[in-house]
Amino acid sequence: MTDNTRTRFFTVRHTLFLLVCFTAGACNNTRIAKSGSPPSTDAPYDLIIANGRIVDGAGNAWFYGDVAIRGDRIARIVRRGSSTILTAKRRIDATGLVVAPGFIDIQAGGDYVNGDGRDVSKVTQGITTEIFGEAYTGAPISERSVENMPAATAANARRFMGPHGFDAWLRAMEAHGISPNVGSFVGASTLRQYGMGMQMGTAPANALETMRIAMRNAMEDGAFGLGSALIYPPGNFASTEELIAIAKVMAPYGGIYITHMRSEADQVLEGMDEALRIGREAGVPLEIYHLKAAGVGNWSKQTAMIAKIDSARASGFDVQATMYPYTAGGTGLAACLPPFASADGKLQAMLADPAGRAKIRAEVAHPTSFWESLCEQSTPQGVLIGGLRNPANQKWIGHRLSEIAADMGKDWLDAVMELLRSEQRDIGTMYFLMSEDNVRTLLKQPWMIIGTDAGGSDPDSTKAMTHPRSYGTYPRILGKYVRDERIIGLEDAVRKMTGAVATRLLIADRGLLRAGMYADVVLFDPQSIQEHATYERPLQLSTGVQTVLINGVEVVRDGRHTGAKPGRIVRGSAWRPLAH
């Protein structure tokens with residue numbers, strides 16, 4: 001190839017790259033610096049991380065190198081020792097440490113519109129970006145959405161009404177002050193409430209169309225897609241056809257359908273078939289939240305579940321899954337009751353009515369439609385009660401449902417109904433459902449990525465029990481499954497936490513250690529990284545993560561939160577900026 005031919009070749013290739021990038025929306029959400037470009041100035045770097053073992057997030061073999069950061073970006077990466085000729089305002093000696101991209105939690109819980117935006121339990125694990133959207137999000141909001149809310153809650157929610165309420169909700173989190181970056185899917189239960197409130201039944205055409213319009217607006221506001229949870233009201237009031245109709249709206253925008261399936265237990269294979277159908281008929285990729293075979297009688301189904309995903313991928317359908325590395329799940333105690341008990345926001349009224357309780361009992365004994373009680377799947381011995389606030393109930397925090405029922409002199413169902421009635425709200429609960437061998441097998445799958453399925457908290461101010469995954473998900477994988485048991489390699493584990501998640505969400509400027517990327521960086525000791533949170537004592541921070549940078553700002557130093565809140569909004573590729 002002559003010099004002139006080579007020049008024309010690379011010019012055409014670069015032009016095609018830019019065309020594809022902007023046409024596909026891959027150059028999304030923020031300023032994109034050209035990866036690998038040299039620094040634009042000879043000014044000192046703000047920080048050089050030297051002598052670390054670099055694991056880049058792409059799955060490549062680790063190497064020793066130095067990372068130079070200027071402002072909120074990675075400026076350059078050089079071989080170990082090469083940075084000695086560079087000037088920097090500050091240096092960190094990373095000898096003995098792994099230097100990796102910040103972890104991206106694809107299944108974060110809650111939001112950061114109010115409360116403590118430091119996200120202590122998460123960022124001390126190395127998490128730098130949180131993605132919300134399983135079932136519920138702070139927007140979009142309509143009058144139907146708030147009709148069963150307490151007045152103060154409804155007033156707060158109304159801030160995010162209007163065609164671009166989703167954008168307003170994202171901006172409110174950033175304005176509140178947050179340590180991690182944040183982005184979100186649209187909660188399918190939120191959309192259902194937007195059009196139907198807490199009403200059961202098929203959505204009429206006008207209500208469905210309002211949901212579709214809200215979905216379209218949210219995609220343009222920067223949502224990553226549609227996130228459902230089909231075992232909880234009102235999410236499980238939505239039919240397959242309703243979900244397909246809504247998901248079709250996001251297909252031209254590159255959205256993903258991500259789902260907590262209608263069954264993860266006795267009908268888990270059928271639940272997968274429904275999810276696959278929604279993705280195929282809507283023309284969108286499918287992501288399955290926290291893939292699992294729940295209940296001892298279903299553990300053997302995991303082989304068929306993996307085969308179903310492998311087969312779909314071999315046929316050309318884009319399906320992947322997420323997981324957390326624990327054998328217990330966590331959700332509300334109301335998940336033990338039939339869906340109709342929560343319809344129209346009348347759960348407390350039904351629990352206070354003897355006839356309502358009798359109706360619930362009859363449905364549990366002889367179901368008239370498909371639903372699964374997590375208490376029955378776990379058995380009362382496998383149900384650990386956590387978030388109790390009523391002083392009369394405090395003695396039962398951290399106890400099994402079987403123990404509480406015996407103490408009350410009731411059967412498990414009466415104990416559940418009495419706890420829910422006396423607390424006047426749902427109750428945080430852990431359900432022991434999964435097999436440890438299955439967890440190990442899932443972690444090895446090439447299409448598996450990691451999410452916590454949990455919100456973050458500060459152990460110094462949080463009193464309620466929570467699931468240990470809120471404090472220990474990523475250190476558990478890096479300590480237990482990588483270092484101690486050698487189930488997967490270090491590079492692959494980091495890829496599942498970083499680059500693979502960014503690729504799945506088409507986040508072009510995070511998830512990898514590359515020049516030009518945002519400086520979301522974690523430094524951890526691979527020999528000492530360890531979770532300490534347990535089911536009985538969950539409010540214990542992990543150790544081994546020494547430093548966490550988010551947008552170039554040190555949020556964790558020497559394993560402790562600095563108080564910094566440099567987090568920003570991360571948006572989907574269809575984002576259309578609004579004039580403000």
# chains A, B, ... in the order shown; residues from 1 in each chain; ligands from 1
call {"tool": "residues_around", "arguments": {"residues": "Ser83 in chain A", "least_positions_apart": "5", "cutoff": "8 Å", "atoms": "only C-alpha atoms", "output": "list in words"}}
result
Ile48, Ala50, Asp66, Ala68 and Val78 of chain A
call {"tool": "write_last_selection", "arguments": {"atoms": "N, CA and C atoms", "output": "PDB file, in the first residue's frame"}}
result
ATOM      1  N   ILE A  48      -1.427  11.394  38.918  1.00  0.00           N
ATOM      2  CA  ILE A  48      -0.860  10.215  38.272  1.00  0.00           C
ATOM      3  C   ILE A  48      -0.959   9.043  39.238  1.00  0.00           C
ATOM      4  N   ALA A  50       0.449   5.547  39.795  1.00  0.00           N
ATOM      5  CA  ALA A  50       1.644   4.879  39.294  1.00  0.00           C
ATOM      6  C   ALA A  50       1.788   3.471  39.863  1.00  0.00           C
ATOM      7  N   ASP A  66       0.879   3.155  34.403  1.00  0.00           N
ATOM      8  CA  ASP A  66       0.599   4.394  35.122  1.00  0.00           C
ATOM      9  C   ASP A  66      -0.542   5.118  34.405  1.00  0.00           C
ATOM     10  N   ALA A  68      -2.541   8.742  33.976  1.00  0.00           N
ATOM     11  CA  ALA A  68      -2.487  10.189  34.194  1.00  0.00           C
ATOM     12  C   ALA A  68      -3.878  10.780  33.968  1.00  0.00           C
ATOM     13  N   VAL A  78       0.406   4.949  30.399  1.00  0.00           N
ATOM     14  CA  VAL A  78       1.749   4.610  29.934  1.00  0.00           C
ATOM     15  C   VAL A  78       2.257   3.398  30.708  1.00  0.00           C
TER      16      VAL A  78
END
call {"tool": "closest_residue", "arguments": {"among": "A:Ala392, A:Ala58, A:Val319, A:Val120", "to": "Tyr471 in chain A", "atoms": "only C-alpha atoms"}}
result
A:Val120
call {"tool": "closest_residue", "arguments": {"among": "A:Met417, A:Ala343, A:Ile258, A:Ala155", "to": "Ala358 in chain A", "atoms": "only C-alpha atoms"}}
result
A:Met417
call {"tool": "select_by_dssp", "arguments": {"residues": "range 125-370 of chain A", "states": "strand (DSSP E)", "output": "count of residues only"}}
result
35
call {"tool": "closest_residue", "arguments": {"among": "A:Gln424, A:Thr128, A:Gln527, A:Ser378", "to": "Gly479 in chain A", "atoms": "only C-alpha atoms"}}
result
A:Gln527
call {"tool": "residues_around", "arguments": {"residues": "Arg361 in chain A", "least_positions_apart": "6", "cutoff": "10 Å", "atoms": "only C-alpha atoms", "output": "MDAnalysis selection string"}}
result
chainID A and resid 337:338 355 367 413:414 417
call {"tool": "residues_around", "arguments": {"residues": "Leu578 in chain A", "least_positions_apart": "4", "cutoff": "12 Å", "atoms": "only C-alpha atoms", "output": "ChimeraX atom specification"}}
result
/A:163-168,171,217,220-222
call {"tool": "write_last_selection", "arguments": {"atoms": "N, CA and C atoms", "output": "PDB file, in the first residue's frame"}}
result
ATOM      1  N   PRO A 163     -44.440  16.470  30.079  1.00  0.00           N
ATOM      2  CA  PRO A 163     -43.891  15.587  29.040  1.00  0.00           C
ATOM      3  C   PRO A 163     -42.426  15.232  29.247  1.00  0.00           C
ATOM      4  N   HIS A 164     -41.679  16.056  29.991  1.00  0.00           N
ATOM      5  CA  HIS A 164     -40.272  15.769  30.221  1.00  0.00           C
ATOM      6  C   HIS A 164     -39.984  15.628  31.721  1.00  0.00           C
ATOM      7  N   GLY A 165     -40.913  14.981  32.404  1.00  0.00           N
ATOM      8  CA  GLY A 165     -40.724  14.713  33.827  1.00  0.00           C
ATOM      9  C   GLY A 165     -39.542  13.807  34.112  1.00  0.00           C
ATOM     10  N   PHE A 166     -39.256  12.886  33.175  1.00  0.00           N
ATOM     11  CA  PHE A 166     -38.132  11.980  33.381  1.00  0.00           C
ATOM     12  C   PHE A 166     -36.825  12.767  33.403  1.00  0.00           C
ATOM     13  N   ASP A 167     -36.686  13.718  32.500  1.00  0.00           N
ATOM     14  CA  ASP A 167     -35.508  14.581  32.491  1.00  0.00           C
ATOM     15  C   ASP A 167     -35.422  15.380  33.788  1.00  0.00           C
ATOM     16  N   ALA A 168     -36.557  15.908  34.246  1.00  0.00           N
ATOM     17  CA  ALA A 168     -36.574  16.688  35.484  1.00  0.00           C
ATOM     18  C   ALA A 168     -36.138  15.839  36.677  1.00  0.00           C
ATOM     19  N   ARG A 171     -32.366  15.339  36.539  1.00  0.00           N
ATOM     20  CA  ARG A 171     -31.696  16.586  36.909  1.00  0.00           C
ATOM     21  C   ARG A 171     -31.829  16.868  38.406  1.00  0.00           C
ATOM     22  N   ASN A 217     -41.323   9.870  25.333  1.00  0.00           N
ATOM     23  CA  ASN A 217     -40.737  11.075  25.910  1.00  0.00           C
ATOM     24  C   ASN A 217     -39.548  10.743  26.811  1.00  0.00           C
ATOM     25  N   GLU A 220     -36.413  10.001  24.867  1.00  0.00           N
ATOM     26  CA  GLU A 220     -35.787  11.232  24.400  1.00  0.00           C
ATOM     27  C   GLU A 220     -35.145  12.007  25.546  1.00  0.00           C
ATOM     28  N   ASP A 221     -35.605  11.758  26.771  1.00  0.00           N
ATOM     29  CA  ASP A 221     -34.988  12.362  27.961  1.00  0.00           C
ATOM     30  C   ASP A 221     -33.734  11.611  28.413  1.00  0.00           C
ATOM     31  N   GLY A 222     -33.448  10.470  27.784  1.00  0.00           N
ATOM     32  CA  GLY A 222     -32.213   9.767  28.105  1.00  0.00           C
ATOM     33  C   GLY A 222     -32.371   8.452  28.825  1.00  0.00           C
TER      34      GLY A 222
END
call {"tool": "residues_around", "arguments": {"residues": "range 145-148 of chain A", "least_positions_apart": "6", "cutoff": "7 Å", "atoms": "only C-alpha atoms", "output": "list in words"}}
result
Ala154, Gln193, Tyr194, Gly197 and Gly345 of chain A
call {"tool": "write_last_selection", "arguments": {"atoms": "N, CA and C atoms", "output": "tab-separated table (two decimals), in the first residue's frame"}}
result
chain	number	residue	atom	x	y	z
A	154	ALA	N	-47.39	12.62	47.32
A	154	ALA	CA	-47.95	13.05	46.04
A	154	ALA	C	-47.42	14.42	45.64
A	193	GLN	N	-48.90	2.79	36.39
A	193	GLN	CA	-49.59	3.74	37.25
A	193	GLN	C	-49.89	5.05	36.52
A	194	TYR	N	-49.02	5.44	35.62
A	194	TYR	CA	-49.22	6.65	34.83
A	194	TYR	C	-50.53	6.58	34.05
A	197	GLY	N	-53.23	3.87	37.18
A	197	GLY	CA	-53.20	3.87	38.64
A	197	GLY	C	-52.89	2.46	39.15
A	345	GLY	N	-54.51	0.06	45.70
A	345	GLY	CA	-53.92	0.61	46.91
A	345	GLY	C	-54.68	0.27	48.17
call {"tool": "select_by_dssp", "arguments": {"residues": "range 442-522 of chain A", "states": "helix (DSSP H, G or I)", "output": "ChimeraX atom specification"}}
result
/A:442-443,469-484,490-497,499-505
call {"tool": "residues_around", "arguments": {"residues": "Asp426 in chain A", "least_positions_apart": "4", "cutoff": "12 Å", "atoms": "only C-alpha atoms", "output": "PDB file with C-alpha atoms, in the first residue's frame"}}
result
ATOM      1  CA  TYR A 232     -45.381  -7.198  42.045  1.00  0.00           C
ATOM      2  CA  THR A 331     -38.033  -7.603  48.553  1.00  0.00           C
ATOM      3  CA  GLY A 332     -41.204  -6.762  50.481  1.00  0.00           C
ATOM      4  CA  LEU A 333     -43.158  -9.164  52.674  1.00  0.00           C
ATOM      5  CA  ALA A 334     -46.285  -8.404  50.622  1.00  0.00           C
ATOM      6  CA  ALA A 335     -44.742 -10.581  47.885  1.00  0.00           C
ATOM      7  CA  CYS A 336     -46.123 -13.512  49.903  1.00  0.00           C
ATOM      8  CA  LEU A 337     -49.714 -12.423  49.208  1.00  0.00           C
ATOM      9  CA  SER A 342     -52.639  -4.772  46.682  1.00  0.00           C
ATOM     10  CA  GLY A 345     -53.917   0.605  46.910  1.00  0.00           C
ATOM     11  CA  LEU A 347     -53.919  -3.643  50.979  1.00  0.00           C
ATOM     12  CA  GLN A 348     -54.309  -2.178  54.456  1.00  0.00           C
ATOM     13  CA  ILE A 385     -37.706 -10.383  58.446  1.00  0.00           C
ATOM     14  CA  GLY A 386     -35.798  -7.105  58.450  1.00  0.00           C
ATOM     15  CA  GLY A 387     -37.408  -3.672  58.222  1.00  0.00           C
ATOM     16  CA  LEU A 388     -39.786  -3.409  61.188  1.00  0.00           C
ATOM     17  CA  ARG A 389     -40.548   0.038  62.647  1.00  0.00           C
ATOM     18  CA  VAL A 416     -47.513 -12.202  57.563  1.00  0.00           C
ATOM     19  CA  MET A 417     -50.887 -10.457  57.476  1.00  0.00           C
ATOM     20  CA  GLU A 418     -50.551  -9.310  61.086  1.00  0.00           C
ATOM     21  CA  LEU A 419     -47.066  -7.898  60.540  1.00  0.00           C
ATOM     22  CA  LEU A 420     -48.145  -6.018  57.426  1.00  0.00           C
ATOM     23  CA  ARG A 421     -51.252  -4.673  59.153  1.00  0.00           C
ATOM     24  CA  SER A 422     -49.413  -3.522  62.274  1.00  0.00           C
TER      25      SER A 422
END
call {"tool": "closest_atom_pairs", "arguments": {"of": "range 279-310 of chain A", "to": "range 436-442 of chain A", "cutoff": "10 Å", "atoms": "only C-alpha atoms", "output": "JSON lines"}}
result
{"residue": "A:Leu291", "atom": "CA", "partner": "A:Leu442", "partner_atom": "CA", "distance": 8.2}
{"residue": "A:Lys292", "atom": "CA", "partner": "A:Asn438", "partner_atom": "CA", "distance": 8.0}
{"residue": "A:Ala293", "atom": "CA", "partner": "A:Asn438", "partner_atom": "CA", "distance": 8.1}
{"residue": "A:Trp299", "atom": "CA", "partner": "A:Asn438", "partner_atom": "CA", "distance": 7.4}
{"residue": "A:Ser300", "atom": "CA", "partner": "A:Asn438", "partner_atom": "CA", "distance": 8.9}
{"residue": "A:Lys301", "atom": "CA", "partner": "A:Asn438", "partner_atom": "CA", "distance": 10.0}
{"residue": "A:Gln302", "atom": "CA", "partner": "A:Asn438", "partner_atom": "CA", "distance": 7.2}
{"residue": "A:Thr303", "atom": "CA", "partner": "A:Asn438", "partner_atom": "CA", "distance": 9.0}
{"residue": "A:Ile306", "atom": "CA", "partner": "A:Leu442", "partner_atom": "CA", "distance": 8.1}
call {"tool": "write_last_selection", "arguments": {"atoms": "C-alpha atoms", "output": "mmCIF file, in the first residue's frame"}}
result
data_model
loop_
_atom_site.group_PDB
_atom_site.id
_atom_site.type_symbol
_atom_site.label_atom_id
_atom_site.label_comp_id
_atom_site.auth_asym_id
_atom_site.auth_seq_id
_atom_site.Cartn_x
_atom_site.Cartn_y
_atom_site.Cartn_z
ATOM 1 C CA LEU A 291 -31.428 -14.584 36.591
ATOM 2 C CA LYS A 292 -32.115 -17.411 39.035
ATOM 3 C CA ALA A 293 -33.931 -20.694 39.609
ATOM 4 C CA TRP A 299 -32.742 -25.617 41.029
ATOM 5 C CA SER A 300 -32.356 -28.317 38.384
ATOM 6 C CA LYS A 301 -34.024 -26.045 35.809
ATOM 7 C CA GLN A 302 -30.999 -23.773 35.594
ATOM 8 C CA THR A 303 -29.342 -25.956 32.947
ATOM 9 C CA ILE A 306 -28.855 -21.346 30.331
#
call {"tool": "residues_around", "arguments": {"residues": "Pro252 in chain A", "least_positions_apart": "2", "cutoff": "12 Å", "atoms": "only C-alpha atoms", "output": "PyMOL selection string"}}
result
chain A and resi 23-25+216+219-220+225+247-250+254-256+282-285+573-574
call {"tool": "write_last_selection", "arguments": {"atoms": "C-alpha atoms", "output": "tab-separated table (two decimals), in the first residue's frame"}}
result
chain	number	residue	atom	x	y	z
A	23	THR	CA	-26.02	7.63	13.31
A	24	ALA	CA	-26.19	4.78	15.86
A	25	GLY	CA	-26.09	7.15	18.80
A	216	ARG	CA	-41.30	7.85	23.97
A	219	MET	CA	-36.40	7.75	25.80
A	220	GLU	CA	-35.79	11.23	24.40
A	225	GLY	CA	-35.21	1.39	27.96
A	247	ALA	CA	-41.67	-1.72	24.19
A	248	LYS	CA	-42.26	-1.22	20.46
A	249	VAL	CA	-42.13	2.54	21.04
A	250	MET	CA	-38.52	2.39	22.17
A	254	GLY	CA	-32.27	1.73	20.70
A	255	GLY	CA	-33.97	0.87	23.99
A	256	ILE	CA	-33.59	-2.39	25.91
A	282	ALA	CA	-41.13	-5.49	20.02
A	283	GLY	CA	-37.86	-5.64	18.09
A	284	VAL	CA	-35.65	-4.79	21.08
A	285	PRO	CA	-32.82	-6.54	22.96
A	573	SER	CA	-28.15	7.06	23.28
A	574	ALA	CA	-31.51	8.54	22.20
call {"tool": "closest_residue", "arguments": {"among": "A:Pro233, A:Ala265, A:Ser121, A:Lys496", "to": "Ser542 in chain A", "atoms": "only C-alpha atoms"}}
result
A:Ser121
call {"tool": "atom_distance", "arguments": {"atom1": "CA of Glu531 in chain A", "atom2": "CA of Met465 in chain A"}}
result
16.4 Å
call {"tool": "atom_distance", "arguments": {"atom1": "CA of Ala157 in chain A", "atom2": "CA of Ile288 in chain A"}}
result
28.3 Å
call {"tool": "closest_residue", "arguments": {"among": "A:Gly297, A:Gly235, A:Gly102, A:Pro140", "to": "Glu376 in chain A", "atoms": "only C-alpha atoms"}}
result
A:Gly297
call {"tool": "closest_residue", "arguments": {"among": "A:Tyr253, A:Phe63, A:Trp169, A:Tyr326", "to": "Leu433 in chain A", "atoms": "only C-alpha atoms"}}
result
A:Tyr326
